[in-house]
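The next block is protein-v5.cif, given as mmCIF, C-alpha atoms.
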```cif
data_query
loop_
_atom_site.label_atom_id
_atom_site.label_comp_id
_atom_site.auth_asym_id
_atom_site.auth_seq_id
_atom_site.Cartn_x
_atom_site.Cartn_y
_atom_site.Cartn_z
CA GLU A 705 4.27 -5.12 4.04
CA ILE A 706 5.94 -3.37 6.96
CA PHE A 707 4.81 0.16 7.84
CA MET A 708 6.90 2.40 10.08
CA GLY A 709 4.67 5.27 11.16
CA THR A 710 5.81 8.59 12.59
CA THR A 711 3.61 10.48 15.03
CA SER A 712 0.74 12.37 13.35
CA HIS A 713 1.38 10.82 9.93
CA LYS A 714 -1.92 10.28 8.13
CA THR A 715 -2.78 8.03 5.21
CA GLN A 716 -5.67 9.57 3.30
CA TRP A 717 -8.97 7.79 2.57
CA HIS A 718 -8.64 4.90 0.12
CA TYR A 719 -9.67 1.28 -0.33
CA ASP A 720 -7.84 -1.83 -1.51
CA PHE A 721 -8.85 -4.73 -3.74
CA GLN A 722 -7.20 -7.29 -1.45
CA GLU A 723 -8.43 -8.89 1.76
CA ASN A 724 -6.22 -7.39 4.47
CA PHE A 725 -5.01 -8.22 7.95
CA THR A 726 -2.94 -5.66 9.85
CA VAL A 727 -0.96 -6.40 13.01
CA GLN A 728 0.14 -3.57 15.28
CA LEU A 729 3.62 -4.47 16.53
CA SER A 730 4.51 -1.27 18.38
CA GLY A 731 3.15 2.26 18.78
CA SER A 732 -0.50 2.97 18.03
CA LYS A 733 -2.70 3.99 15.11
CA ARG A 734 -6.22 5.33 14.82
CA TRP A 735 -8.23 3.77 12.02
CA LYS A 736 -11.37 5.22 10.46
CA LEU A 737 -13.42 2.73 8.47
CA GLN A 738 -16.42 3.17 6.20
CA GLN A 739 -18.35 0.63 4.14
CA GLY A 740 -17.64 0.80 0.42
CA ALA A 741 -20.15 0.87 -2.44
CA VAL A 742 -18.12 -1.31 -4.83
CA SER A 743 -18.56 -5.03 -4.15
CA SER A 744 -15.64 -7.37 -4.92
CA PRO A 745 -13.49 -4.57 -6.38
CA LEU A 746 -11.06 -5.38 -9.17
CA ARG A 747 -8.86 -2.39 -8.34
CA GLY A 748 -8.35 -0.21 -5.31
CA CYS A 749 -9.23 3.48 -5.15
CA THR A 750 -6.37 5.75 -4.13
CA PRO A 751 -7.36 9.44 -4.34
CA HIS A 752 -4.01 10.39 -2.79
CA TYR A 753 -2.26 8.90 -5.86
CA ALA A 754 -4.42 10.62 -8.47
CA SER A 755 -2.22 10.20 -11.54
CA PRO A 756 -4.14 10.06 -14.85
CA GLU A 757 -3.23 6.39 -15.28
CA ALA A 758 -4.44 5.48 -11.78
CA VAL A 759 -7.68 7.42 -12.07
CA GLU A 760 -8.57 5.90 -15.45
CA SER A 761 -7.89 2.26 -14.51
CA GLN A 762 -9.57 2.55 -11.09
CA LEU A 763 -12.68 4.23 -12.50
CA LYS A 764 -13.06 1.65 -15.27
CA ALA A 765 -12.85 -1.19 -12.76
CA ALA A 766 -15.24 0.43 -10.27
CA HIS A 767 -17.83 1.26 -12.94
CA LEU A 768 -18.23 -2.44 -13.80
CA SER A 769 -20.21 -2.98 -10.60
CA SER A 770 -21.12 0.60 -9.64
CA PRO A 771 -21.67 2.85 -12.70
CA GLU A 772 -22.35 5.88 -10.48
CA PHE A 773 -18.97 5.58 -8.71
CA GLN A 774 -16.92 8.80 -8.61
CA PHE A 775 -13.19 9.02 -7.95
CA GLY A 776 -12.46 10.66 -4.62
CA SER A 777 -12.90 10.28 -0.87
CA PRO A 778 -15.86 8.28 0.51
CA PRO A 779 -19.07 9.90 -0.79
CA SER A 780 -22.57 9.60 0.59
CA TYR A 781 -23.43 6.13 -0.62
CA LYS A 782 -27.16 6.76 -0.42
CA LYS A 783 -27.05 7.98 -4.02
CA TYR A 784 -25.75 4.60 -5.18
CA LYS A 785 -28.46 2.16 -6.18
CA ASN A 786 -26.59 -0.88 -4.86
CA ALA A 787 -25.16 0.78 -1.76
CA SER A 788 -25.75 0.04 1.88
CA SER A 789 -27.86 2.60 3.71
CA ASP A 790 -25.42 2.43 6.60
CA ASN A 791 -22.43 4.65 5.83
CA ARG A 792 -21.30 5.41 9.37
CA ILE A 793 -17.61 5.97 10.04
CA GLU A 794 -16.24 3.57 12.65
CA GLU A 795 -13.10 4.46 14.61
CA ILE A 796 -10.76 2.07 16.36
CA LEU A 797 -7.41 2.48 18.10
CA MET A 798 -4.80 -0.17 17.31
CA THR A 799 -2.24 -0.83 20.04
CA PRO A 800 0.60 -3.42 20.22
CA GLY A 801 -0.75 -6.95 19.78
CA ASP A 802 -4.00 -5.89 18.08
CA ILE A 803 -5.00 -7.52 14.78
CA LEU A 804 -7.52 -5.98 12.38
CA TYR A 805 -9.19 -7.56 9.38
CA PHE A 806 -10.65 -5.19 6.81
CA PRO A 807 -12.15 -6.58 3.61
CA ALA A 808 -11.60 -5.54 0.02
CA GLY A 809 -13.49 -2.34 -0.82
CA MET A 810 -13.54 -1.01 2.76
CA TRP A 811 -12.64 2.70 2.84
CA HIS A 812 -10.05 3.47 5.50
CA GLN A 813 -7.97 6.37 6.79
CA VAL A 814 -5.07 5.73 9.17
CA THR A 815 -3.40 8.18 11.54
CA THR A 816 -0.30 7.32 13.57
CA VAL A 817 -0.94 8.32 17.18
CA GLU A 818 2.34 7.01 18.57
CA ALA A 819 5.32 6.18 16.35
CA GLY A 820 5.67 2.46 15.75
CA VAL A 821 5.64 -0.47 13.39
CA SER A 822 2.76 -2.45 11.86
CA LEU A 823 2.61 -5.48 9.60
CA ASN A 824 0.04 -5.75 6.81
CA ILE A 825 -0.84 -9.06 5.14
CA SER A 826 -2.78 -8.83 1.86
CA LEU A 827 -4.55 -11.86 0.41
CA MET A 828 -5.47 -12.01 -3.28
CA ALA A 829 -7.52 -14.76 -4.88
CA THR A 830 -8.67 -15.60 -8.39
CA ASN A 831 -12.23 -14.51 -9.14
CA TYR A 832 -14.82 -16.70 -10.85
CA ALA A 833 -14.69 -14.72 -14.11
CA THR A 834 -10.93 -15.19 -14.47
CA ILE A 835 -10.88 -18.90 -13.79
CA ALA A 836 -13.87 -19.52 -16.07
CA CYS A 837 -12.41 -17.45 -18.93
CA GLN A 838 -9.09 -19.26 -18.71
CA ALA A 839 -10.83 -22.62 -18.78
CA ILE A 840 -13.06 -21.62 -21.70
CA GLN A 841 -10.05 -20.36 -23.66
CA HIS A 842 -8.30 -23.70 -23.16
CA LEU A 843 -11.49 -25.52 -24.14
CA LEU A 844 -11.96 -23.50 -27.34
CA LEU A 845 -8.34 -23.79 -28.43
CA SER A 846 -8.56 -27.58 -28.14
CA SER A 847 -12.05 -27.97 -29.61
CA SER A 848 -11.72 -26.45 -33.09
CA SER A 849 -8.95 -25.23 -35.36
CA GLY A 850 -11.15 -22.24 -36.17
CA TRP A 851 -10.59 -20.75 -32.71
CA ARG A 852 -6.82 -21.09 -33.18
CA GLU A 853 -6.77 -19.11 -36.42
CA THR A 854 -5.13 -15.71 -36.22
CA ILE A 855 -6.92 -12.56 -37.31
CA SER A 856 -5.05 -11.43 -40.42
CA SER A 857 -4.61 -7.79 -41.31
CA GLY A 858 -5.16 -8.85 -44.91
CA SER A 859 -8.73 -9.93 -44.23
CA SER A 860 -11.59 -7.52 -44.76
CA SER A 861 -13.61 -6.40 -41.77
CA GLU A 862 -16.64 -8.23 -43.19
CA GLU A 863 -14.69 -11.50 -43.35
CA VAL A 864 -13.48 -11.13 -39.79
CA VAL A 865 -16.98 -10.37 -38.47
CA THR A 866 -18.48 -13.30 -40.38
CA LYS A 867 -15.83 -15.73 -39.16
CA LEU A 868 -16.17 -14.64 -35.54
CA GLN A 869 -19.96 -14.78 -35.73
CA GLN A 870 -19.78 -18.36 -36.98
CA LEU A 871 -17.49 -19.32 -34.12
CA LEU A 872 -19.67 -17.60 -31.53
CA THR A 873 -22.73 -19.56 -32.65
CA THR A 874 -20.92 -22.78 -31.64
CA LEU A 875 -19.98 -21.43 -28.21
CA PRO A 876 -23.16 -22.31 -26.25
CA LYS A 877 -23.09 -25.94 -27.42
CA THR A 878 -19.38 -26.29 -26.66
CA ILE A 879 -19.84 -24.96 -23.12
CA GLU A 880 -22.96 -27.06 -22.55
CA GLN A 881 -21.08 -30.23 -23.52
CA PHE A 882 -18.25 -29.31 -21.20
CA VAL A 883 -20.62 -28.70 -18.28
CA HIS A 884 -22.60 -31.93 -18.74
CA THR A 885 -20.06 -34.43 -20.06
CA GLN A 886 -16.56 -33.18 -19.23
CA GLY A 887 -16.74 -32.34 -15.55
CA GLY A 888 -17.78 -28.69 -15.68
CA ALA A 889 -16.85 -26.72 -12.58
CA SER A 890 -15.18 -29.69 -10.89
CA ALA A 891 -12.77 -29.98 -13.80
CA ILE A 892 -11.86 -26.28 -13.62
CA LEU A 893 -11.26 -25.72 -9.92
CA PRO A 894 -7.92 -26.71 -8.40
CA PRO A 895 -8.39 -29.74 -6.11
CA ILE A 896 -7.30 -27.73 -3.07
CA LEU A 897 -10.36 -25.50 -3.44
CA CYS A 898 -12.72 -28.48 -3.52
CA ARG A 899 -11.63 -29.76 -0.11
CA PRO A 900 -11.99 -27.90 3.18
CA PRO A 901 -8.75 -27.44 5.10
CA SER A 902 -8.04 -29.94 7.86
CA PHE A 903 -6.08 -29.06 10.97
CA VAL A 904 -4.13 -31.57 13.01
CA ASN A 905 -3.87 -30.93 16.75
#
```
Show this structure as structure tokens.
Amino acid sequence: EIFMGTTSHKTQWHYDFQENFTVQLSGSKRWKLQQGAVSSPLRGCTPHYASPEAVESQLKAAHLSSPEFQFGSPPSYKKYKNASSDNRIEEILMTPGDILYFPAGMWHQVTTVEAGVSLNISLMATNYATIACQAIQHLLLSSSSGWRETISSGSSSEEVVTKLQQLLTTLPKTIEQFVHTQGGASAILPPILCRPPSFVN
């Protein structure tokens, strides 16, 4: 993303779900940063875009890891059970040539001091839950025709519950066999993630 900031423009407090690098190409910006209470966020939190749809989806995602989370600007995180006791606000001034890394979940507010241009690079990766669920779905669909059956509207609720319960009782054994005899994690992860990067001089 390219940001062209005008003098005194301010982006209100928010955090992102991506890992971010920002490069100041020209002009200058003052960044305020504060540690977030939501670890590995699935969604960002953007109080300045408080549409009903945004608020609902962001709150649902945040509550998975921090049930006490409230939508809004950075609160006092001391009331959060899993929060860091250090909630100081750090300020830095970005000038041409500066590069800043700020992780997912880091609250930040940005003010343009001198009009200029900055480049932001956002990195998004698959989380463990997603890659495991996708692998388990593939495993189940290939392991038994029962998992491939569709849920018919003509079936009674009792029949549906009974059928699903029967399938769920087979789940632990199916996963255990996969882990111990079919490669487990090594069979799920893309090969590129199993090898450290090598750099050639």
**Q.** Picked residues, the PyMOL selection byres ((chain A and resi 708) around 7), as a PyMOL selection string
**A.** chain A and resi 706-707+709-710+820-822
Selected by the PyMOL selection byres ((chain A and resi 735) around 7) in the shown coordinates: which residues, as a compact mmCIF listing (two decimals) with C-alpha atoms, in the coordinates of the input?
```txt
# COMPACT_ATOMS: atom_id res chain seq x y z
CA LYS A 733 -2.70 3.99 15.11
CA ARG A 734 -6.22 5.33 14.82
CA LYS A 736 -11.37 5.22 10.46
CA LEU A 737 -13.42 2.73 8.47
CA GLU A 795 -13.10 4.46 14.61
CA ILE A 796 -10.76 2.07 16.36
CA LEU A 797 -7.41 2.48 18.10
CA HIS A 812 -10.05 3.47 5.50
CA GLN A 813 -7.97 6.37 6.79
CA VAL A 814 -5.07 5.73 9.17
CA THR A 815 -3.40 8.18 11.54
```
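For the atom pair formed by CA of Leu823 (chain A) and CA of Glu705 (chain A), the distance is 5.8 Å, given to one decimal.
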Interface rows for region 855-904 of chain A against region 829-845 of chain A: nearest pair, Å to one decimal, 8 Å, all atoms listed in the file, as a tab-separated table:
```
residue	atom	partner	partner_atom	distance
A:Thr878	CA	A:Leu844	CA	8.0
A:Ile879	CA	A:Ile840	CA	7.7
A:Ile892	CA	A:Ala839	CA	6.4
A:Leu893	CA	A:Ile835	CA	7.9
```
Q | Result set, the PyMOL selection byres ((chain A and resi 759) around 12) on current file, as an MDAnalysis selection string | A | chainID A and resid 747:758 760:767 773:776
Q) Of the candidates A:Ala891, A:Ala819, A:Met810, A:Val865, which one gets nearest to Thr711 (chain A) if we count only C-alpha atoms? A)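 Among A:Ala891, A:Ala819, A:Met810, A:Val865, it is A:Ala819 that comes nearest to Thr711 (chain A).
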(Q) Just the number, please: distance in Å from CA of Ser770 (chain A) to CA of Trp717 (chain A), one decimal. (A)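 CA of Trp717 (chain A) lies 18.7 Å from CA of Ser770 (chain A).
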Q: Compile the contact shell of Phe721 (chain A) as an NGL selection string: residues with an atom at most 8 Å away, counting all atoms listed in the file, same-chain residues fewer than 2 positions apart removed.
A: :A and (719 or 723 or 744-748 or 808-809)
For region 868-877 of chain A, list every protein, DNA or RNA residue within 9 Å, evaluated using all atoms listed in the file, and leave out those in the same chain fewer than 3 positions away; present the list as an mmCIF file with C-alpha atoms, in the frame of the given file.
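The resulting around19.cif:
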```cif
data_model
loop_
_atom_site.group_PDB
_atom_site.id
_atom_site.type_symbol
_atom_site.label_atom_id
_atom_site.label_comp_id
_atom_site.auth_asym_id
_atom_site.auth_seq_id
_atom_site.Cartn_x
_atom_site.Cartn_y
_atom_site.Cartn_z
ATOM 1 C CA LEU A 844 -11.960 -23.500 -27.340
ATOM 2 C CA GLY A 850 -11.150 -22.240 -36.170
ATOM 3 C CA TRP A 851 -10.590 -20.750 -32.710
ATOM 4 C CA GLU A 863 -14.690 -11.500 -43.350
ATOM 5 C CA VAL A 864 -13.480 -11.130 -39.790
ATOM 6 C CA VAL A 865 -16.980 -10.370 -38.470
ATOM 7 C CA GLU A 880 -22.960 -27.060 -22.550
ATOM 8 C CA GLN A 881 -21.080 -30.230 -23.520
ATOM 9 C CA PHE A 882 -18.250 -29.310 -21.200
#
```
Enclose the full set of atoms of region 849-856 of chain A listed in the file within a box whose edges lie along x, y and z, apply 3 Å of padding to each of the six sides, and report centre and edge lengths in Å to one decimal as JSON.
```
{"center_x": -8.1, "center_y": -18.3, "center_z": -36.6, "size_x": 12.1, "size_y": 19.8, "size_z": 13.7}
```
Q: Record the distance separating CA of Tyr805 (chain A) and CA of Phe725 (chain A), expressed in Å with one decimal.
A: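 Taking CA of Tyr805 (chain A) as the start and CA of Phe725 (chain A) as the end point, the length is 4.5 Å.
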Please fill the gaps in region 735-749 of chain A so it has N, CA, C and O atoms, and write that as an mmCIF file, keeping the file's coordinate frame.
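After the write, rebuild.cif holds the following:
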```
data_model
loop_
_atom_site.group_PDB
_atom_site.id
_atom_site.type_symbol
_atom_site.label_atom_id
_atom_site.label_comp_id
_atom_site.auth_asym_id
_atom_site.auth_seq_id
_atom_site.Cartn_x
_atom_site.Cartn_y
_atom_site.Cartn_z
ATOM 1 N N TRP A 735 -7.643 4.131 13.307
ATOM 2 C CA TRP A 735 -8.230 3.770 12.020
ATOM 3 C C TRP A 735 -9.642 4.305 11.939
ATOM 4 O O TRP A 735 -10.424 4.176 12.882
ATOM 5 N N LYS A 736 -9.987 4.887 10.782
ATOM 6 C CA LYS A 736 -11.370 5.220 10.460
ATOM 7 C C LYS A 736 -11.786 4.326 9.307
ATOM 8 O O LYS A 736 -11.071 4.198 8.315
ATOM 9 N N LEU A 737 -12.946 3.699 9.453
ATOM 10 C CA LEU A 737 -13.420 2.730 8.470
ATOM 11 C C LEU A 737 -14.830 3.079 8.015
ATOM 12 O O LEU A 737 -15.664 3.490 8.830
ATOM 13 N N GLN A 738 -15.089 2.926 6.730
ATOM 14 C CA GLN A 738 -16.420 3.170 6.200
ATOM 15 C C GLN A 738 -16.728 2.155 5.099
ATOM 16 O O GLN A 738 -15.882 1.856 4.260
ATOM 17 N N GLN A 739 -17.943 1.627 5.128
ATOM 18 C CA GLN A 739 -18.350 0.630 4.140
ATOM 19 C C GLN A 739 -18.264 1.196 2.734
ATOM 20 O O GLN A 739 -18.643 2.331 2.488
ATOM 21 N N GLY A 740 -17.758 0.367 1.806
ATOM 22 C CA GLY A 740 -17.640 0.800 0.420
ATOM 23 C C GLY A 740 -18.883 0.470 -0.390
ATOM 24 O O GLY A 740 -19.717 -0.339 0.016
ATOM 25 N N ALA A 741 -19.010 1.092 -1.551
ATOM 26 C CA ALA A 741 -20.150 0.870 -2.440
ATOM 27 C C ALA A 741 -19.834 -0.099 -3.562
ATOM 28 O O ALA A 741 -20.721 -0.546 -4.267
ATOM 29 N N VAL A 742 -18.536 -0.420 -3.756
ATOM 30 C CA VAL A 742 -18.120 -1.310 -4.830
ATOM 31 C C VAL A 742 -17.894 -2.701 -4.252
ATOM 32 O O VAL A 742 -17.005 -2.895 -3.419
ATOM 33 N N SER A 743 -18.704 -3.670 -4.663
ATOM 34 C CA SER A 743 -18.560 -5.030 -4.150
ATOM 35 C C SER A 743 -17.520 -5.792 -4.970
ATOM 36 O O SER A 743 -17.442 -5.657 -6.188
ATOM 37 N N SER A 744 -16.694 -6.577 -4.277
ATOM 38 C CA SER A 744 -15.640 -7.370 -4.920
ATOM 39 C C SER A 744 -14.844 -6.533 -5.914
ATOM 40 O O SER A 744 -14.801 -6.831 -7.117
ATOM 41 N N PRO A 745 -14.190 -5.468 -5.450
ATOM 42 C CA PRO A 745 -13.490 -4.570 -6.380
ATOM 43 C C PRO A 745 -12.335 -5.242 -7.104
ATOM 44 O O PRO A 745 -11.633 -6.075 -6.542
ATOM 45 N N LEU A 746 -12.164 -4.863 -8.365
ATOM 46 C CA LEU A 746 -11.060 -5.380 -9.170
ATOM 47 C C LEU A 746 -9.807 -4.537 -9.017
ATOM 48 O O LEU A 746 -8.701 -4.994 -9.299
ATOM 49 N N ARG A 747 -9.968 -3.301 -8.601
ATOM 50 C CA ARG A 747 -8.860 -2.390 -8.340
ATOM 51 C C ARG A 747 -9.174 -1.624 -7.054
ATOM 52 O O ARG A 747 -10.316 -1.532 -6.640
ATOM 53 N N GLY A 748 -8.131 -1.074 -6.451
ATOM 54 C CA GLY A 748 -8.350 -0.210 -5.310
ATOM 55 C C GLY A 748 -8.759 1.176 -5.781
ATOM 56 O O GLY A 748 -8.888 1.435 -6.983
ATOM 57 N N CYS A 749 -8.977 2.071 -4.837
ATOM 58 C CA CYS A 749 -9.230 3.480 -5.150
ATOM 59 C C CYS A 749 -8.322 4.301 -4.253
ATOM 60 O O CYS A 749 -8.441 4.258 -3.026
#
```
